[in-house]
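Here is the file work21.pdb (PDB, C-alpha atoms and all ligand atoms).
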MODEL        1
ATOM      1  CA  MET A  23      12.850 164.931 136.342
ATOM      2  CA  ARG A  24      15.909 163.384 137.885
ATOM      3  CA  ASP A  25      16.456 159.737 136.881
ATOM      4  CA  LEU A  26      15.737 157.557 139.943
ATOM      5  CA  SER A  27      18.565 155.228 138.996
ATOM      6  CA  THR A  28      21.089 158.034 139.639
ATOM      7  CA  LEU A  29      20.338 158.068 143.398
ATOM      8  CA  PRO A  30      22.401 155.945 145.822
ATOM      9  CA  ARG A  31      20.585 152.688 146.415
ATOM     10  CA  ILE A  32      21.395 149.289 147.887
ATOM     11  CA  GLY A  33      19.788 146.214 146.357
ATOM     12  CA  PHE A  34      18.020 144.208 149.072
ATOM     13  CA  GLY A  35      14.879 143.196 147.156
ATOM     14  CA  LEU A  36      14.357 140.697 144.357
ATOM     15  CA  PHE A  37      12.676 142.777 141.677
ATOM     16  CA  PRO A  38      10.275 142.886 140.022
ATOM     17  CA  THR A  39       8.051 141.359 142.693
ATOM     18  CA  PRO A  40       5.311 139.191 141.145
ATOM     19  CA  LEU A  41       1.962 140.658 140.161
ATOM     20  CA  HIS A  42      -1.043 138.451 139.439
ATOM     21  CA  LYS A  43      -4.816 138.386 139.285
ATOM     22  CA  LEU A  44      -6.941 137.088 142.179
ATOM     23  CA  GLN A  45      -9.398 135.017 140.124
ATOM     24  CA  ASN A  46     -11.741 133.908 142.901
ATOM     25  CA  ILE A  47     -11.905 137.264 144.643
ATOM     26  CA  SER A  48     -12.431 139.034 141.310
ATOM     27  CA  HIS A  49     -15.424 136.774 140.729
ATOM     28  CA  LEU A  50     -16.790 137.427 144.238
ATOM     29  CA  LEU A  51     -16.379 141.217 144.027
ATOM     30  CA  GLY A  52     -17.504 141.680 140.401
ATOM     31  CA  THR A  53     -14.364 143.468 139.248
ATOM     32  CA  ASN A  54     -10.796 142.528 138.350
ATOM     33  CA  VAL A  55      -8.650 142.426 141.470
ATOM     34  CA  TRP A  56      -4.880 142.029 141.157
ATOM     35  CA  ILE A  57      -2.183 141.801 143.781
ATOM     36  CA  LYS A  58       1.388 143.134 143.843
ATOM     37  CA  ARG A  59       3.427 140.726 145.917
ATOM     38  CA  ASP A  60       5.755 142.896 147.968
ATOM     39  CA  ASP A  61       5.245 140.248 150.656
ATOM     40  CA  LEU A  62       7.642 138.198 148.484
ATOM     41  CA  ILE A  63      10.269 140.926 148.311
ATOM     42  CA  GLY A  64      13.096 138.677 149.467
ATOM     43  CA  MET A  65      14.246 139.987 152.888
ATOM     44  CA  GLY A  66      12.880 138.859 156.240
ATOM     45  CA  LEU A  67       9.277 137.767 155.795
ATOM     46  CA  GLY A  68       8.859 140.369 153.052
ATOM     47  CA  GLY A  69       7.250 143.777 153.200
ATOM     48  CA  ASN A  70       7.119 147.307 151.892
ATOM     49  CA  LYS A  71       9.837 148.717 154.162
ATOM     50  CA  VAL A  72      12.544 147.005 152.110
ATOM     51  CA  ARG A  73      11.932 149.329 149.133
ATOM     52  CA  LYS A  74      12.340 152.366 151.394
ATOM     53  CA  LEU A  75      15.413 150.941 153.121
ATOM     54  CA  GLU A  76      17.192 150.541 149.783
ATOM     55  CA  PHE A  77      17.367 154.348 149.601
ATOM     56  CA  LEU A  78      17.603 155.124 153.325
ATOM     57  CA  LEU A  79      20.453 152.753 154.152
ATOM     58  CA  ALA A  80      22.322 153.806 151.010
ATOM     59  CA  ASP A  81      22.121 157.354 152.371
ATOM     60  CA  ALA A  82      23.357 156.117 155.762
ATOM     61  CA  LYS A  83      26.373 154.531 154.037
ATOM     62  CA  VAL A  84      27.107 157.667 151.998
ATOM     63  CA  ARG A  85      27.126 159.644 155.248
ATOM     64  CA  GLY A  86      29.567 157.223 156.834
ATOM     65  CA  ALA A  87      27.208 155.856 159.486
ATOM     66  CA  GLU A  88      28.162 152.807 161.517
ATOM     67  CA  VAL A  89      25.054 152.751 163.718
ATOM     68  CA  VAL A  90      21.454 152.933 162.487
ATOM     69  CA  PHE A  91      18.555 153.820 164.764
ATOM     70  CA  THR A  92      14.922 153.390 164.006
ATOM     71  CA  THR A  93      11.626 153.187 165.862
ATOM     72  CA  GLY A  94       8.027 152.052 165.646
ATOM     73  CA  GLY A  95       5.429 150.152 167.611
ATOM     74  CA  ALA A  96       6.451 147.134 169.668
ATOM     75  CA  GLN A  97       5.590 144.844 166.715
ATOM     76  CA  SER A  98       6.910 147.151 164.004
ATOM     77  CA  ASN A  99       7.581 145.332 160.734
ATOM     78  CA  HIS A 100       9.655 148.326 159.703
ATOM     79  CA  ALA A 101      11.977 148.053 162.718
ATOM     80  CA  MET A 102      12.481 144.320 162.153
ATOM     81  CA  LEU A 103      13.279 144.823 158.456
ATOM     82  CA  THR A 104      15.631 147.714 159.248
ATOM     83  CA  ALA A 105      17.581 145.386 161.542
ATOM     84  CA  ALA A 106      17.651 142.672 158.851
ATOM     85  CA  CYS A 107      18.883 145.023 156.112
ATOM     86  CA  ALA A 108      21.345 146.907 158.338
ATOM     87  CA  ASN A 109      22.900 143.640 159.530
ATOM     88  CA  ARG A 110      23.421 142.536 155.952
ATOM     89  CA  LEU A 111      25.288 145.781 155.271
ATOM     90  CA  GLY A 112      27.460 145.481 158.366
ATOM     91  CA  LEU A 113      25.790 148.455 160.069
ATOM     92  CA  ARG A 114      24.782 148.115 163.714
ATOM     93  CA  PRO A 115      20.988 148.462 164.123
ATOM     94  CA  ILE A 116      19.507 149.765 167.382
ATOM     95  CA  LEU A 117      15.721 149.747 167.744
ATOM     96  CA  ILE A 118      13.950 152.018 170.234
ATOM     97  CA  LEU A 119      10.325 150.918 170.198
ATOM     98  CA  LYS A 120       7.196 152.144 171.921
ATOM     99  CA  LYS A 121       6.398 149.988 174.905
ATOM    100  CA  ARG A 122       2.648 149.918 174.284
ATOM    101  CA  GLY A 123       1.391 146.743 172.570
ATOM    102  CA  VAL A 124       2.806 143.258 172.280
ATOM    103  CA  THR A 125       6.363 143.191 173.595
ATOM    104  CA  ALA A 126       6.281 139.441 174.270
ATOM    105  CA  CYS A 127       8.751 137.362 172.298
ATOM    106  CA  LYS A 128       6.295 136.693 169.482
ATOM    107  CA  GLY A 129       6.074 137.823 165.875
ATOM    108  CA  ASN A 130       8.622 140.509 165.013
ATOM    109  CA  GLN A 131      10.088 140.403 168.539
ATOM    110  CA  LEU A 132      11.005 136.780 167.961
ATOM    111  CA  LEU A 133      12.583 137.597 164.592
ATOM    112  CA  GLU A 134      14.616 140.391 166.227
ATOM    113  CA  LYS A 135      15.817 137.958 168.862
ATOM    114  CA  LEU A 136      16.860 135.493 166.160
ATOM    115  CA  MET A 137      18.944 138.240 164.541
ATOM    116  CA  GLY A 138      20.516 139.219 167.875
ATOM    117  CA  THR A 139      19.112 142.743 167.562
ATOM    118  CA  GLU A 140      19.548 145.392 170.262
ATOM    119  CA  VAL A 141      15.996 146.447 171.177
ATOM    120  CA  HIS A 142      14.992 149.051 173.771
ATOM    121  CA  PHE A 143      11.431 149.824 174.825
ATOM    122  CA  MET A 144      10.492 153.347 175.782
ATOM    123  CA  ASP A 145       7.428 154.135 177.828
ATOM    124  CA  THR A 146       6.216 157.091 175.749
ATOM    125  CA  ASP A 147       3.600 157.889 173.148
ATOM    126  CA  SER A 148       5.721 160.559 171.495
ATOM    127  CA  TYR A 149       8.179 159.768 168.726
ATOM    128  CA  ASP A 150       9.950 163.053 169.490
ATOM    129  CA  ASP A 151      11.012 161.597 172.869
ATOM    130  CA  ILE A 152      12.377 158.581 171.028
ATOM    131  CA  TYR A 153      14.309 160.671 168.458
ATOM    132  CA  GLU A 154      15.899 162.585 171.372
ATOM    133  CA  GLU A 155      16.852 159.314 173.015
ATOM    134  CA  MET A 156      18.501 158.228 169.737
ATOM    135  CA  ASP A 157      20.682 161.351 169.827
ATOM    136  CA  ARG A 158      21.581 160.726 173.456
ATOM    137  CA  MET A 159      22.518 157.089 172.803
ATOM    138  CA  GLY A 160      24.260 157.938 169.545
ATOM    139  CA  ARG A 161      26.480 160.520 171.259
ATOM    140  CA  ALA A 162      27.237 158.064 174.081
ATOM    141  CA  ILE A 163      28.325 155.400 171.583
ATOM    142  CA  GLY A 164      30.545 157.958 169.870
ATOM    143  CA  LYS A 165      30.166 156.613 166.313
ATOM    144  CA  THR A 166      28.509 158.248 163.323
ATOM    145  CA  TYR A 167      24.830 157.316 163.531
ATOM    146  CA  TYR A 168      21.848 157.605 161.218
ATOM    147  CA  LYS A 169      18.253 158.041 162.344
ATOM    148  CA  ILE A 170      15.479 156.498 160.266
ATOM    149  CA  PRO A 171      12.043 157.862 161.167
ATOM    150  CA  CYS A 172       9.098 155.683 162.094
ATOM    151  CA  GLY A 173       8.032 153.598 159.074
ATOM    152  CA  GLY A 174      10.946 154.961 157.023
ATOM    153  CA  SER A 175       8.377 157.528 155.913
ATOM    154  CA  ASN A 176      10.303 160.518 154.704
ATOM    155  CA  ALA A 177      10.804 161.769 151.161
ATOM    156  CA  LEU A 178      13.881 159.623 150.528
ATOM    157  CA  GLY A 179      12.169 156.444 151.757
ATOM    158  CA  SER A 180       9.054 157.130 149.694
ATOM    159  CA  LEU A 181      11.158 157.029 146.518
ATOM    160  CA  GLY A 182      11.092 153.243 146.913
ATOM    161  CA  TYR A 183       7.398 153.374 146.049
ATOM    162  CA  VAL A 184       7.811 155.903 143.258
ATOM    163  CA  ASP A 185      10.091 153.269 141.772
ATOM    164  CA  CYS A 186       7.570 150.524 142.542
ATOM    165  CA  VAL A 187       5.009 152.272 140.314
ATOM    166  CA  ARG A 188       7.608 152.443 137.539
ATOM    167  CA  GLU A 189       8.079 148.698 138.047
ATOM    168  CA  ILE A 190       4.307 148.057 137.937
ATOM    169  CA  ALA A 191       3.930 150.099 134.742
ATOM    170  CA  ALA A 192       6.737 148.046 133.165
ATOM    171  CA  GLN A 193       4.919 144.818 134.081
ATOM    172  CA  GLY A 194       2.482 145.776 131.315
ATOM    173  CA  GLN A 195      -0.990 145.426 132.837
ATOM    174  CA  PRO A 196      -2.828 148.773 133.025
ATOM    175  CA  PHE A 197      -4.722 149.562 136.235
ATOM    176  CA  THR A 198      -7.650 151.845 136.977
ATOM    177  CA  HIS A 199      -6.923 151.811 140.732
ATOM    178  CA  LEU A 200      -3.972 151.255 143.054
ATOM    179  CA  ILE A 201      -4.825 150.505 146.698
ATOM    180  CA  CYS A 202      -2.394 150.372 149.622
ATOM    181  CA  ALA A 203      -2.373 150.505 153.409
ATOM    182  CA  GLU A 204      -1.347 153.802 155.005
ATOM    183  CA  GLY A 205       0.311 153.619 158.430
ATOM    184  CA  SER A 206       2.943 156.347 158.355
ATOM    185  CA  GLY A 207       2.284 157.722 154.864
ATOM    186  CA  GLY A 208       5.477 156.994 152.934
ATOM    187  CA  THR A 209       4.141 154.125 150.889
ATOM    188  CA  HIS A 210       1.011 155.984 149.825
ATOM    189  CA  ALA A 211       3.058 159.112 149.127
ATOM    190  CA  GLY A 212       5.455 157.177 146.887
ATOM    191  CA  ILE A 213       2.670 155.383 145.043
ATOM    192  CA  ALA A 214       0.624 158.548 144.559
ATOM    193  CA  LEU A 215       3.660 160.458 143.262
ATOM    194  CA  GLY A 216       4.748 157.487 141.148
ATOM    195  CA  ALA A 217       1.280 157.297 139.624
ATOM    196  CA  ARG A 218       1.417 160.998 138.705
ATOM    197  CA  ILE A 219       4.608 160.243 136.788
ATOM    198  CA  PHE A 220       4.154 156.747 135.369
ATOM    199  CA  MET A 221       0.383 155.991 135.465
ATOM    200  CA  PRO A 222      -1.373 159.366 135.327
ATOM    201  CA  ASP A 223      -4.837 157.945 134.621
ATOM    202  CA  THR A 224      -4.830 155.650 137.656
ATOM    203  CA  THR A 225      -6.689 156.462 140.895
ATOM    204  CA  VAL A 226      -4.647 155.831 144.073
ATOM    205  CA  VAL A 227      -6.328 155.299 147.448
ATOM    206  CA  GLY A 228      -4.506 154.993 150.776
ATOM    207  CA  MET A 229      -6.313 152.971 153.445
ATOM    208  CA  LYS A 230      -5.645 154.665 156.783
ATOM    209  CA  VAL A 231      -4.880 152.146 159.543
ATOM    210  CA  ASP A 232      -3.942 154.844 162.059
ATOM    211  CA  THR A 233      -5.512 158.131 163.146
ATOM    212  CA  ASP A 234      -2.714 160.549 162.165
ATOM    213  CA  PRO A 235      -3.642 163.468 159.856
ATOM    214  CA  PHE A 236      -2.610 161.773 156.600
ATOM    215  CA  GLU A 237      -4.531 164.425 154.638
ATOM    216  CA  GLU A 238      -1.538 166.667 155.418
ATOM    217  CA  ILE A 239       1.253 164.174 156.140
ATOM    218  CA  THR A 240       1.102 162.268 152.862
ATOM    219  CA  PRO A 241       0.968 165.226 150.430
ATOM    220  CA  ALA A 242       3.819 166.853 152.416
ATOM    221  CA  ILE A 243       6.011 163.776 151.871
ATOM    222  CA  MET A 244       5.033 163.831 148.176
ATOM    223  CA  ARG A 245       6.120 167.476 147.832
ATOM    224  CA  GLU A 246       9.492 166.765 149.420
ATOM    225  CA  ALA A 247       9.967 163.681 147.246
ATOM    226  CA  ALA A 248       9.060 165.691 144.132
ATOM    227  CA  LYS A 249      11.827 168.143 145.123
ATOM    228  CA  LEU A 250      14.360 165.308 145.443
ATOM    229  CA  LEU A 251      13.369 164.239 141.932
ATOM    230  CA  GLU A 252      13.541 167.821 140.637
ATOM    231  CA  LEU A 253       9.960 167.462 139.459
ATOM    232  CA  ASP A 254       7.954 170.580 138.819
ATOM    233  CA  ILE A 255       4.414 169.532 139.793
ATOM    234  CA  GLU A 256       1.664 170.904 142.010
ATOM    235  CA  ILE A 257       0.398 168.582 144.743
ATOM    236  CA  GLU A 258      -2.916 169.599 146.313
ATOM    237  CA  ASN A 259      -3.932 167.967 149.574
ATOM    238  CA  ASP A 260      -7.393 167.103 148.315
ATOM    239  CA  GLY A 261      -6.015 165.415 145.204
ATOM    240  CA  VAL A 262      -4.607 162.661 147.456
ATOM    241  CA  LEU A 263      -7.322 160.132 148.337
ATOM    242  CA  HIS A 264      -7.711 158.233 151.618
ATOM    243  CA  ARG A 265     -10.235 156.021 153.317
ATOM    244  CA  ASP A 266     -10.429 155.448 157.063
ATOM    245  CA  VAL A 267     -10.226 151.725 157.852
ATOM    246  CA  CYS A 268      -8.610 152.059 161.279
ATOM    247  CA  GLY A 269     -11.603 150.724 163.238
ATOM    248  CA  PRO A 270     -10.951 150.399 166.983
ATOM    249  CA  GLY A 271      -7.372 151.714 166.770
ATOM    250  CA  TYR A 272      -3.890 151.249 165.342
ATOM    251  CA  ALA A 273      -2.720 147.647 165.714
ATOM    252  CA  VAL A 274      -6.096 146.601 167.158
ATOM    253  CA  ALA A 275      -7.889 144.131 164.892
ATOM    254  CA  SER A 276     -11.138 145.232 163.214
ATOM    255  CA  LYS A 277     -14.146 143.147 162.172
ATOM    256  CA  GLU A 278     -13.820 144.252 158.522
ATOM    257  CA  GLY A 279     -10.099 143.510 158.549
ATOM    258  CA  ASN A 280     -10.619 140.065 160.008
ATOM    259  CA  GLU A 281     -13.273 139.313 157.371
ATOM    260  CA  ALA A 282     -10.878 140.397 154.632
ATOM    261  CA  ILE A 283      -8.120 138.183 156.050
ATOM    262  CA  ALA A 284     -10.505 135.210 156.126
ATOM    263  CA  LEU A 285     -11.736 135.863 152.564
ATOM    264  CA  MET A 286      -8.204 136.068 151.170
ATOM    265  CA  ALA A 287      -7.086 132.993 153.109
ATOM    266  CA  LYS A 288     -10.064 130.864 152.110
ATOM    267  CA  HIS A 289     -10.361 131.828 148.442
ATOM    268  CA  GLU A 290      -6.801 132.619 147.398
ATOM    269  CA  GLY A 291      -4.566 130.808 149.889
ATOM    270  CA  LEU A 292      -2.804 134.076 150.747
ATOM    271  CA  PHE A 293      -2.357 135.590 154.195
ATOM    272  CA  LEU A 294      -2.881 139.204 155.186
ATOM    273  CA  ASP A 295      -2.130 140.688 158.613
ATOM    274  CA  PRO A 296      -4.510 142.312 161.124
ATOM    275  CA  VAL A 297      -2.606 145.621 161.463
ATOM    276  CA  TYR A 298      -2.156 146.756 157.846
ATOM    277  CA  THR A 299      -2.994 144.588 154.864
ATOM    278  CA  GLY A 300      -6.140 142.990 156.328
ATOM    279  CA  LYS A 301      -7.703 146.358 157.117
ATOM    280  CA  ALA A 302      -6.572 147.793 153.772
ATOM    281  CA  PHE A 303      -8.075 144.898 151.854
ATOM    282  CA  GLY A 304     -11.232 145.311 153.945
ATOM    283  CA  GLY A 305     -11.386 148.850 152.563
ATOM    284  CA  LEU A 306     -11.066 147.551 149.012
ATOM    285  CA  ILE A 307     -13.915 145.081 149.626
ATOM    286  CA  ALA A 308     -16.077 147.897 151.044
ATOM    287  CA  MET A 309     -15.381 150.069 147.976
ATOM    288  CA  ALA A 310     -16.322 147.160 145.685
ATOM    289  CA  ARG A 311     -19.597 146.649 147.574
ATOM    290  CA  GLU A 312     -20.342 150.385 147.333
ATOM    291  CA  GLY A 313     -19.982 150.126 143.541
ATOM    292  CA  ALA A 314     -16.737 152.108 143.290
ATOM    293  CA  PHE A 315     -15.312 149.660 140.702
ATOM    294  CA  GLY A 316     -16.881 148.672 137.367
ATOM    295  CA  PRO A 317     -16.779 145.120 135.942
ATOM    296  CA  ASP A 318     -14.020 146.117 133.514
ATOM    297  CA  ASP A 319     -11.895 147.985 136.035
ATOM    298  CA  ASN A 320      -8.519 146.591 137.060
ATOM    299  CA  VAL A 321      -7.783 147.200 140.723
ATOM    300  CA  LEU A 322      -4.292 146.521 142.060
ATOM    301  CA  PHE A 323      -3.869 145.817 145.763
ATOM    302  CA  LEU A 324      -0.391 146.178 147.236
ATOM    303  CA  HIS A 325       0.433 143.252 149.519
ATOM    304  CA  SER A 326       2.850 145.175 151.704
ATOM    305  CA  GLY A 327       3.832 142.234 153.943
ATOM    306  CA  GLY A 328       3.216 142.068 157.675
ATOM    307  CA  ALA A 329       3.478 138.320 158.233
ATOM    308  CA  GLY A 330       5.257 138.951 161.558
ATOM    309  CA  GLY A 331       2.176 140.671 162.955
ATOM    310  CA  LEU A 332      -0.144 137.808 162.002
ATOM    311  CA  PHE A 333       1.544 135.689 164.657
ATOM    312  CA  ALA A 334       1.653 138.362 167.357
ATOM    313  CA  VAL A 335      -1.486 140.529 167.281
ATOM    314  CA  ASP A 336      -4.688 139.258 168.845
ATOM    315  CA  MET A 337      -7.407 138.901 166.219
ATOM    316  CA  ASP A 338     -10.441 138.626 168.526
TER     317      ASP A 338
HETATM  318  C1  LIG A 401       4.461 149.872 157.497
HETATM  319  C2  LIG A 401       3.494 148.989 156.795
HETATM  320  C3  LIG A 401       2.487 149.522 155.966
HETATM  321  C4  LIG A 401       2.230 151.002 155.840
HETATM  322  O1  LIG A 401       3.196 151.683 155.120
HETATM  323  P1  LIG A 401       3.540 153.196 155.507
HETATM  324  O2  LIG A 401       4.522 153.588 154.502
HETATM  325  O3  LIG A 401       4.066 153.159 156.903
HETATM  326  O4  LIG A 401       2.287 153.991 155.441
HETATM  327  C5  LIG A 401       1.678 148.653 155.271
HETATM  328  N1  LIG A 401       1.809 147.328 155.409
HETATM  329  C6  LIG A 401       2.727 146.778 156.226
HETATM  330  C7  LIG A 401       2.767 145.311 156.345
HETATM  331  C8  LIG A 401       3.613 147.590 156.935
HETATM  332  O5  LIG A 401       4.517 147.033 157.745
ENDMDL
END
Could the structure of this file be written out as structure tokens, please?
Ligand SMILES: *Cc1c(COP(=O)(O)O)cnc(C)c1O
Amino acid sequence: MRDLSTLPRIGFGLFPTPLHKLQNISHLLGTNVWIKRDDLIGMGLGGNKVRKLEFLLADAKVRGAEVVFTTGGAQSNHAMLTAACANRLGLRPILILKKRGVTACKGNQLLEKLMGTEVHFMDTDSYDDIYEEMDRMGRAIGKTYYKIPCGGSNALGSLGYVDCVREIAAQGQPFTHLICAEGSGGTHAGIALGARIFMPDTTVVGMKVDTDPFEEITPAIMREAAKLLELDIEIENDGVLHRDVCGPGYAVASKEGNEAIALMAKHEGLFLDPVYTGKAFGGLIAMAREGAFGPDDNVLFLHSGGAGGLFAVDMD
């Protein structure tokens, strides 16, 4: 396997992020629940995209880019964090977001305004239209540009979460389960591949907050990432575990998600968001109630950020 530290990478995060036990929730759920605080990662309002951007923006620099495009939903945490990280590097970020959803100057839109970010909204449901528009705009600007896919979820971006599992293993507490939200697949892919390498006895579950076919998307990212790492391993689609927690739709609050947000807020003084982490933690609670975890199990939940969305997405 290729040593991760030999790949180009830019340090945006403050690592290792803290990891601690949720005493009250562990008591309520009858198992040991821990949390990995990537919400405290040290850029913007925190969040998982920073780990991916360390590799993606390093690649942009290596390729001589001056302009960086990315995309996502109107309240994309990923797009906001891309702008934050690109600005710090002196690259010019341009966001082309889907028009559907909350485009009012709330949440991540407000943060983008504070950073003076160039944001365009496109009235389409297809990311392919948006990637074409990036090429059109990039050619018109006439500078070398770099396109980051939705969520930063390609093989290179997912290496941020392969490295996160290395970091978790080095923090010394063994885990029976790792649980994360799955919105474009890169985080789950990185964690699942990282677990194969650094924590082979640990079960990884991705909580699907969107309706895309993650049963294919996520293992495909893992295979590409394994190639980048020159790793010779077989990845079967059905060896990658998911649970559907999407509820009424992507970025539409769910009852289970809202309950999970309230439980975490009331008992632990921590805040989850309605789009990703609330629904994902709702899935963890459901698994606990179904008896999926024993009293001696240690279950690690990734707090992947999302604070921007908490102030923008309707929770009713
Ligand atoms: C993007 C995001 C996720 C999902 O990660 P993917 O790699 O896109 O699957 C989870 N939580 C938050 C807060 C996010 O912004």
In Å, with one decimal, what is the gap from atom CA of Phe91 of chain A to atom CA of Asp157 of chain A? 9.3 Å
Using only C-alpha atoms and all ligand atoms, what are the residues with an atom within 6 Å of ligand LIG 401 (chain A), set out as a list in words?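 After applying the 6 Å limit, what remains is Gly69, Asn99, His100, Gly173, Ser175, Ala203, Glu204, Gly205, Ser206, Gly207, Gly208, Thr209, Tyr298, Thr299, Ser326, Gly327 and Gly328 of chain A.
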So that I can check the surroundings of segment 110-112 of chain A, please list as a PyMOL selection string every protein, DNA and RNA residue that reaches within 9 Å of it, counting only C-alpha atoms and ignoring chain neighbours fewer than 6 positions away. chain A and resi 34+79+83+88
Determine the residue set returned by the PyMOL selection byres (((chain A and resi 308) around 12) and not hetatm) for the present structure, and present it as a ChimeraX atom specification. /A:51,229,265-267,278-279,281-282,301-307,309-315
Ile239 of chain A: which residues within 12 Å, counting all atoms listed in the file, same-chain residues fewer than 2 positions away excluded, as a CSV table (one decimal) with C-alpha atoms, keeping the file's coordinate frame?
chain,number,residue,atom,x,y,z
A,175,SER,CA,8.4,157.5,155.9
A,176,ASN,CA,10.3,160.5,154.7
A,177,ALA,CA,10.8,161.8,151.2
A,204,GLU,CA,-1.3,153.8,155.0
A,205,GLY,CA,0.3,153.6,158.4
A,206,SER,CA,2.9,156.3,158.4
A,207,GLY,CA,2.3,157.7,154.9
A,208,GLY,CA,5.5,157.0,152.9
A,209,THR,CA,4.1,154.1,150.9
A,210,HIS,CA,1.0,156.0,149.8
A,211,ALA,CA,3.1,159.1,149.1
A,230,LYS,CA,-5.6,154.7,156.8
A,233,THR,CA,-5.5,158.1,163.1
A,234,ASP,CA,-2.7,160.5,162.2
A,235,PRO,CA,-3.6,163.5,159.9
A,236,PHE,CA,-2.6,161.8,156.6
A,237,GLU,CA,-4.5,164.4,154.6
A,241,PRO,CA,1.0,165.2,150.4
A,242,ALA,CA,3.8,166.9,152.4
A,243,ILE,CA,6.0,163.8,151.9
A,244,MET,CA,5.0,163.8,148.2
A,245,ARG,CA,6.1,167.5,147.8
A,246,GLU,CA,9.5,166.8,149.4
A,258,GLU,CA,-2.9,169.6,146.3
A,259,ASN,CA,-3.9,168.0,149.6
A,262,VAL,CA,-4.6,162.7,147.5
A,264,HIS,CA,-7.7,158.2,151.6
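Evaluating the PyMOL selection byres (((chain A and resi 154) around 12) and not hetatm) against the shown model yields Phe91, Thr92, Thr93, Ile118, Met144, Thr146, Ser148, Tyr149, Asp150, Asp151, Ile152, Tyr153, Glu155, Met156, Asp157, Arg158, Met159, Gly160, Arg161, Lys169 and Pro171 of chain A.
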Would you mind exporting C-alpha atoms of the selected residues as a PDB file, keeping the file's coordinate frame?
ATOM      1  CA  PHE A  91      18.555 153.820 164.764  1.00  0.00           C
ATOM      2  CA  THR A  92      14.922 153.390 164.006  1.00  0.00           C
ATOM      3  CA  THR A  93      11.626 153.187 165.862  1.00  0.00           C
ATOM      4  CA  ILE A 118      13.950 152.018 170.234  1.00  0.00           C
ATOM      5  CA  MET A 144      10.492 153.347 175.782  1.00  0.00           C
ATOM      6  CA  THR A 146       6.216 157.091 175.749  1.00  0.00           C
ATOM      7  CA  SER A 148       5.721 160.559 171.495  1.00  0.00           C
ATOM      8  CA  TYR A 149       8.179 159.768 168.726  1.00  0.00           C
ATOM      9  CA  ASP A 150       9.950 163.053 169.490  1.00  0.00           C
ATOM     10  CA  ASP A 151      11.012 161.597 172.869  1.00  0.00           C
ATOM     11  CA  ILE A 152      12.377 158.581 171.028  1.00  0.00           C
ATOM     12  CA  TYR A 153      14.309 160.671 168.458  1.00  0.00           C
ATOM     13  CA  GLU A 155      16.852 159.314 173.015  1.00  0.00           C
ATOM     14  CA  MET A 156      18.501 158.228 169.737  1.00  0.00           C
ATOM     15  CA  ASP A 157      20.682 161.351 169.827  1.00  0.00           C
ATOM     16  CA  ARG A 158      21.581 160.726 173.456  1.00  0.00           C
ATOM     17  CA  MET A 159      22.518 157.089 172.803  1.00  0.00           C
ATOM     18  CA  GLY A 160      24.260 157.938 169.545  1.00  0.00           C
ATOM     19  CA  ARG A 161      26.480 160.520 171.259  1.00  0.00           C
ATOM     20  CA  LYS A 169      18.253 158.041 162.344  1.00  0.00           C
ATOM     21  CA  PRO A 171      12.043 157.862 161.167  1.00  0.00           C
TER      22      PRO A 171
END
